[in-house]
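Everything on this sheet refers to the single structure shown next.
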Amino acid sequence: QVQLVESGGGLVQAGGSLRLSCAASPRTFSRYAMGWLRQAPGLAREFVAAIRWADGATYYGDSVKGRFTISMDNAKNMVYLQMNSLKAEDTADYYCAARRTAGATWPIKEAHQFGDWGQGTLVTVSE
């Protein structure tokens with residue numbers, strides 16, 4: 001079973017930056033895609049970004065393009081989300097998710113496509 005543990009959330013002022021981390025275990029993830037999704041109170045879970053472990057291909061949601069960057073560290077089994085120019089509307093619980101790429105069409109960007117989830121980390125952006 002895949003275990004995902006997020007960290008790095010917190011309170012930041014609008015215009016600031018945060019970096020979220022996701023520790024993935026216990027297997028190797030060469031045949032996986034990893035994603036970040038978020039959910040604000042009362043709203044549906046929203047796709048943020050995804051990365052394909054095999055070749056580093058990335059894909060972003062429209063609302064974060066140009067501001068957020070997803071990356072990975074193969075040696076450490078870590079996935080990161082660098083968030084810059086944060087806005088109040090970025091406030092949400094952020095979840096790390098994973099799924100096997102076999103049988104899936106890239107980009108993998110729908111919440112239901114991800115089979116493994118972390119517990120989430122809260123990001124609050126103040127005006």
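Labels for the structure tokens follow display order: chains A, B, ..., residues from 1 in each chain, ligands from 1.
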*For A:Ala97, work out the shell of residues within 7 Å, counting only C-alpha atoms and skipping chain neighbours fewer than 5 positions away, then give it as a PyMOL selection string.*
chain A and resi 34-36+114+116-118
What does the file look like for those residues with C-alpha atoms, as a PDB file, in the first residue's frame?
```
ATOM      1  CA  MET A  34       1.896  11.927  -8.425  1.00  0.00           C
ATOM      2  CA  GLY A  35      -0.481  14.804  -8.010  1.00  0.00           C
ATOM      3  CA  TRP A  36      -1.423  17.680  -5.783  1.00  0.00           C
ATOM      4  CA  PHE A 114      -5.945   8.946  -8.067  1.00  0.00           C
ATOM      5  CA  ASP A 116      -3.870   6.766  -2.957  1.00  0.00           C
ATOM      6  CA  TRP A 117      -4.101   9.901  -0.861  1.00  0.00           C
ATOM      7  CA  GLY A 118      -2.319  11.586   1.976  1.00  0.00           C
TER       8      GLY A 118
END
```
*Based on DSSP run over this structure's backbone, return all residues of stretch 56-108 of chain A in strand (DSSP E), as a PyMOL selection string.*
chain A and resi 58-60+68-73+78-83+92-100
Residues near A:Gln1, anyone? I mean within 10 Å using only C-alpha atoms, not counting same-chain ones fewer than 6 positions away, as an mmCIF file with N, CA and C atoms, in the first residue's frame.
```cif
data_model
loop_
_atom_site.group_PDB
_atom_site.id
_atom_site.type_symbol
_atom_site.label_atom_id
_atom_site.label_comp_id
_atom_site.auth_asym_id
_atom_site.auth_seq_id
_atom_site.Cartn_x
_atom_site.Cartn_y
_atom_site.Cartn_z
ATOM 1 N N SER A 25 6.034 6.355 0.241
ATOM 2 C CA SER A 25 6.652 5.074 0.592
ATOM 3 C C SER A 25 5.638 3.960 0.396
ATOM 4 N N PRO A 26 5.999 2.715 0.418
ATOM 5 C CA PRO A 26 7.347 2.211 0.616
ATOM 6 C C PRO A 26 7.989 1.711 -0.676
ATOM 7 N N ARG A 27 7.291 1.911 -1.785
ATOM 8 C CA ARG A 27 7.796 1.276 -3.000
ATOM 9 C C ARG A 27 8.495 2.264 -3.908
ATOM 10 N N ASP A 116 -4.484 6.659 -4.277
ATOM 11 C CA ASP A 116 -3.870 6.766 -2.957
ATOM 12 C C ASP A 116 -3.756 8.232 -2.575
#
```
Near-stretch 47-50 of chain A list (9 Å; only C-alpha atoms; drop same-chain fewer than 3 positions) as a compact mmCIF listing (two decimals) with C-alpha atoms, in the first residue's frame:
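Full text of selection08.txt as output:
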```
# COMPACT_ATOMS: atom_id res chain seq x y z
CA ALA A 33 2.04 9.65 -11.45
CA MET A 34 1.90 11.93 -8.43
CA GLY A 35 -0.48 14.80 -8.01
CA TRP A 36 -1.42 17.68 -5.78
CA LEU A 37 -5.08 18.49 -5.37
CA ARG A 38 -6.77 20.92 -3.02
CA GLN A 39 -10.11 21.39 -1.39
CA ALA A 57 6.40 15.28 -17.34
CA THR A 58 4.23 17.84 -15.57
CA TYR A 59 0.76 19.25 -15.93
CA TYR A 60 -0.94 22.15 -14.12
CA GLY A 61 -4.40 23.37 -13.41
CA ASP A 62 -5.25 26.67 -15.06
CA SER A 63 -5.61 28.53 -11.78
CA VAL A 64 -2.01 27.85 -10.73
CA LYS A 65 -0.10 27.90 -14.03
CA PHE A 68 3.14 26.80 -8.80
CA THR A 69 5.81 24.25 -9.68
CA ILE A 70 5.67 20.52 -9.03
CA SER A 71 8.90 18.59 -8.78
CA LEU A 81 4.87 21.80 -4.70
CA TYR A 94 -3.73 20.37 -0.08
CA ALA A 97 -2.10 11.69 -4.39
CA PRO A 107 -2.43 14.02 -18.05
CA ILE A 108 -3.93 12.43 -14.98
CA LYS A 109 -5.90 15.32 -13.52
CA GLU A 110 -9.19 14.13 -12.13
CA ALA A 111 -9.55 13.39 -8.43
```
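Each of A:Arg99, A:Phe29, A:Gly120, A:Asp90 was checked against A:Gly16 using only C-alpha atoms; the smallest atom-to-atom distance is that of A:Asp90.
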*Quick one: DSSP helix (DSSP H, G or I) residues in chain A, as a list in words?*
Asn74, Ala75, Lys76, Ala88, Glu89, Asp90, Ala111, His112 and Gln113 of chain A
Just write the chosen residues, N, CA, C and O atoms, as a CSV table (one decimal), in the first residue's frame.
```
chain,number,residue,atom,x,y,z
A,74,ASN,N,13.8,11.7,-7.0
A,74,ASN,CA,13.7,10.2,-7.1
A,74,ASN,C,14.4,9.5,-6.0
A,74,ASN,O,13.9,8.5,-5.4
A,75,ALA,N,15.6,10.0,-5.6
A,75,ALA,CA,16.4,9.3,-4.6
A,75,ALA,C,15.7,9.3,-3.2
A,75,ALA,O,15.9,8.4,-2.4
A,76,LYS,N,14.9,10.3,-3.0
A,76,LYS,CA,14.3,10.5,-1.6
A,76,LYS,C,12.8,10.1,-1.7
A,76,LYS,O,12.1,10.1,-0.6
A,88,ALA,N,-5.4,34.7,-1.8
A,88,ALA,CA,-6.4,34.3,-0.8
A,88,ALA,C,-7.2,33.1,-1.3
A,88,ALA,O,-7.5,32.1,-0.5
A,89,GLU,N,-7.5,33.0,-2.6
A,89,GLU,CA,-8.2,31.9,-3.1
A,89,GLU,C,-7.4,30.6,-3.2
A,89,GLU,O,-8.0,29.6,-3.6
A,90,ASP,N,-6.2,30.6,-2.9
A,90,ASP,CA,-5.4,29.4,-2.8
A,90,ASP,C,-5.6,28.7,-1.5
A,90,ASP,O,-5.1,27.6,-1.3
A,111,ALA,N,-9.7,13.9,-9.8
A,111,ALA,CA,-9.5,13.4,-8.4
A,111,ALA,C,-9.8,11.9,-8.4
A,111,ALA,O,-9.1,11.1,-7.7
A,112,HIS,N,-10.9,11.5,-9.1
A,112,HIS,CA,-11.2,10.0,-9.1
A,112,HIS,C,-10.2,9.1,-9.7
A,112,HIS,O,-10.2,7.9,-9.6
A,113,GLN,N,-9.2,9.7,-10.5
A,113,GLN,CA,-8.2,8.9,-11.1
A,113,GLN,C,-7.1,8.5,-10.1
A,113,GLN,O,-6.3,7.6,-10.4
```
*To one decimal place, how far is atom CA of A:Val12 from atom CA of A:Thr91 in Å?*
9.6 Å
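Nearest to A:Cys96 of all the residues A:Asn77, A:Ser21, A:Gln13, A:Ser126 is A:Ser21, counting only C-alpha atoms.
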*Rank A:Tyr32, A:Gly10, A:Asp55, A:Arg45 by their smallest atom-to-atom distance to A:Gly115, using only C-alpha atoms, and report the top residue only.*
A:Tyr32
_Neighbouring residues of A:Leu20 were defined as those with any atom within 10 Å, considering only C-alpha atoms; residues of the same chain fewer than 2 positions away were excluded. Please report them as a list of chain:residue names._
A:Glu6, A:Ser7, A:Gly8, A:Gly9, A:Gly10, A:Leu18, A:Cys22, A:Trp36, A:Ile70, A:Val79, A:Tyr80, A:Leu81, A:Gln82, A:Met83, A:Tyr94, A:Tyr95, A:Cys96, A:Thr121, A:Leu122, A:Val123
Those residues with all heavy atoms, as a compact mmCIF listing (two decimals), in the first residue's frame please?
```txt
# COMPACT_ATOMS: atom_id res chain seq x y z
N GLU A 6 2.04 14.46 3.73
CA GLU A 6 2.29 15.84 3.33
C GLU A 6 2.82 16.65 4.50
O GLU A 6 2.53 16.35 5.67
CB GLU A 6 1.01 16.52 2.83
CG GLU A 6 0.30 15.84 1.69
CD GLU A 6 -0.79 14.91 2.16
OE1 GLU A 6 -0.73 14.45 3.31
OE2 GLU A 6 -1.73 14.65 1.37
N SER A 7 3.56 17.69 4.17
CA SER A 7 4.02 18.65 5.18
C SER A 7 4.28 19.98 4.48
O SER A 7 4.32 20.05 3.25
CB SER A 7 5.30 18.15 5.87
OG SER A 7 6.34 18.00 4.93
N GLY A 8 4.43 21.02 5.29
CA GLY A 8 4.80 22.32 4.75
C GLY A 8 3.69 23.35 4.69
O GLY A 8 3.94 24.50 4.33
N GLY A 9 2.48 22.96 5.05
CA GLY A 9 1.40 23.93 5.04
C GLY A 9 1.56 24.95 6.16
O GLY A 9 2.39 24.80 7.05
N GLY A 10 0.75 26.00 6.10
CA GLY A 10 0.81 27.02 7.13
C GLY A 10 0.11 28.28 6.70
O GLY A 10 -0.64 28.30 5.72
N LEU A 18 5.18 29.30 -0.34
CA LEU A 18 5.28 28.12 0.52
C LEU A 18 5.73 26.96 -0.34
O LEU A 18 5.44 26.93 -1.54
CB LEU A 18 3.93 27.76 1.15
CG LEU A 18 3.47 28.44 2.42
CD1 LEU A 18 2.09 27.93 2.81
CD2 LEU A 18 4.45 28.22 3.57
N CYS A 22 5.79 16.02 -0.03
CA CYS A 22 5.04 14.76 0.09
C CYS A 22 6.05 13.62 0.11
O CYS A 22 6.79 13.42 -0.86
CB CYS A 22 4.09 14.60 -1.09
SG CYS A 22 3.24 12.99 -1.15
N TRP A 36 -0.96 16.83 -6.88
CA TRP A 36 -1.42 17.68 -5.78
C TRP A 36 -2.82 18.15 -6.15
O TRP A 36 -3.05 18.65 -7.26
CB TRP A 36 -0.52 18.87 -5.58
CG TRP A 36 0.81 18.56 -4.96
CD1 TRP A 36 2.00 18.35 -5.59
CD2 TRP A 36 1.08 18.41 -3.56
NE1 TRP A 36 2.99 18.09 -4.69
CE2 TRP A 36 2.45 18.12 -3.42
CE3 TRP A 36 0.31 18.51 -2.39
CZ2 TRP A 36 3.07 17.92 -2.18
CZ3 TRP A 36 0.91 18.31 -1.16
CH2 TRP A 36 2.27 18.01 -1.06
N ILE A 70 5.57 21.84 -9.62
CA ILE A 70 5.67 20.52 -9.03
C ILE A 70 7.00 19.91 -9.43
O ILE A 70 7.47 20.09 -10.56
CB ILE A 70 4.48 19.62 -9.46
CG1 ILE A 70 4.47 18.32 -8.67
CG2 ILE A 70 4.49 19.38 -10.96
CD1 ILE A 70 3.20 17.48 -8.87
N VAL A 79 7.96 14.35 -3.39
CA VAL A 79 7.33 15.22 -4.37
C VAL A 79 7.09 16.56 -3.70
O VAL A 79 6.69 16.61 -2.53
CB VAL A 79 6.01 14.63 -4.89
CG1 VAL A 79 5.36 15.57 -5.89
CG2 VAL A 79 6.25 13.27 -5.52
N TYR A 80 7.32 17.63 -4.44
CA TYR A 80 7.21 18.97 -3.88
C TYR A 80 6.23 19.81 -4.70
O TYR A 80 6.03 19.59 -5.89
CB TYR A 80 8.57 19.66 -3.88
CG TYR A 80 9.65 18.87 -3.16
CD1 TYR A 80 10.57 18.12 -3.87
CD2 TYR A 80 9.73 18.88 -1.77
CE1 TYR A 80 11.55 17.39 -3.22
CE2 TYR A 80 10.70 18.16 -1.11
CZ TYR A 80 11.61 17.41 -1.84
OH TYR A 80 12.57 16.69 -1.19
N LEU A 81 5.68 20.80 -4.02
CA LEU A 81 4.87 21.80 -4.70
C LEU A 81 5.33 23.17 -4.22
O LEU A 81 5.08 23.55 -3.08
CB LEU A 81 3.37 21.62 -4.41
CG LEU A 81 2.46 22.57 -5.19
CD1 LEU A 81 2.47 22.21 -6.68
CD2 LEU A 81 1.03 22.51 -4.65
N GLN A 82 6.05 23.86 -5.08
CA GLN A 82 6.48 25.22 -4.78
C GLN A 82 5.37 26.17 -5.20
O GLN A 82 4.98 26.20 -6.37
CB GLN A 82 7.78 25.54 -5.53
CG GLN A 82 8.27 26.96 -5.32
CD GLN A 82 8.71 27.21 -3.88
OE1 GLN A 82 9.38 26.39 -3.27
NE2 GLN A 82 8.31 28.36 -3.34
N MET A 83 4.90 26.94 -4.24
CA MET A 83 3.79 27.85 -4.50
C MET A 83 4.25 29.28 -4.31
O MET A 83 4.66 29.67 -3.20
CB MET A 83 2.63 27.54 -3.54
CG MET A 83 2.19 26.08 -3.58
SD MET A 83 0.73 25.76 -2.57
CE MET A 83 1.39 26.06 -0.94
N TYR A 94 -4.45 20.88 1.08
CA TYR A 94 -3.73 20.37 -0.08
C TYR A 94 -3.38 18.90 0.16
O TYR A 94 -2.83 18.55 1.20
CB TYR A 94 -2.46 21.18 -0.31
CG TYR A 94 -2.73 22.51 -0.98
CD1 TYR A 94 -3.34 23.53 -0.27
CD2 TYR A 94 -2.40 22.72 -2.31
CE1 TYR A 94 -3.62 24.74 -0.87
CE2 TYR A 94 -2.66 23.93 -2.93
CZ TYR A 94 -3.27 24.94 -2.21
OH TYR A 94 -3.55 26.14 -2.82
N TYR A 95 -3.70 18.08 -0.84
CA TYR A 95 -3.51 16.64 -0.73
C TYR A 95 -2.52 16.16 -1.78
O TYR A 95 -2.58 16.56 -2.95
CB TYR A 95 -4.84 15.91 -0.95
CG TYR A 95 -5.87 16.22 0.10
CD1 TYR A 95 -6.75 17.29 -0.06
CD2 TYR A 95 -5.97 15.45 1.25
CE1 TYR A 95 -7.71 17.58 0.90
CE2 TYR A 95 -6.92 15.73 2.22
CZ TYR A 95 -7.79 16.80 2.04
OH TYR A 95 -8.73 17.08 2.99
N CYS A 96 -1.65 15.27 -1.35
CA CYS A 96 -0.78 14.55 -2.26
C CYS A 96 -1.49 13.26 -2.65
O CYS A 96 -2.12 12.61 -1.79
CB CYS A 96 0.55 14.25 -1.55
SG CYS A 96 1.75 13.35 -2.53
N THR A 121 -2.58 18.83 4.04
CA THR A 121 -1.93 19.87 4.83
C THR A 121 -2.62 21.19 4.49
O THR A 121 -2.90 21.48 3.32
CB THR A 121 -0.42 19.92 4.55
OG1 THR A 121 0.20 20.87 5.43
CG2 THR A 121 -0.10 20.29 3.11
N LEU A 122 -2.91 21.97 5.51
CA LEU A 122 -3.69 23.19 5.33
C LEU A 122 -2.80 24.36 4.95
O LEU A 122 -1.80 24.64 5.60
CB LEU A 122 -4.46 23.51 6.62
CG LEU A 122 -5.29 24.79 6.61
CD1 LEU A 122 -6.39 24.72 5.55
CD2 LEU A 122 -5.87 25.04 7.99
N VAL A 123 -3.22 25.05 3.91
CA VAL A 123 -2.57 26.29 3.48
C VAL A 123 -3.59 27.41 3.63
O VAL A 123 -4.69 27.34 3.08
CB VAL A 123 -2.09 26.20 2.02
CG1 VAL A 123 -1.60 27.56 1.54
CG2 VAL A 123 -1.00 25.15 1.89
```
With a distance cut-off of 6 Å and only C-alpha atoms, select the neighbouring residues of A:Ala23, excluding the residue or stretch itself and same-chain residues fewer than 2 positions from it, and output the selection as a tab-separated table (two decimals) with C-alpha atoms, in the first residue's frame.
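Wrote it out as part11.tsv, contents follow:
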```
chain	number	residue	atom	x	y	z
A	4	LEU	CA	1.78	9.55	1.42
A	5	VAL	CA	2.58	12.14	4.06
A	78	MET	CA	9.69	13.03	-2.41
```
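Separating atom CA of A:Pro41 from atom CA of A:Arg67 is a distance of 22.1 Å.
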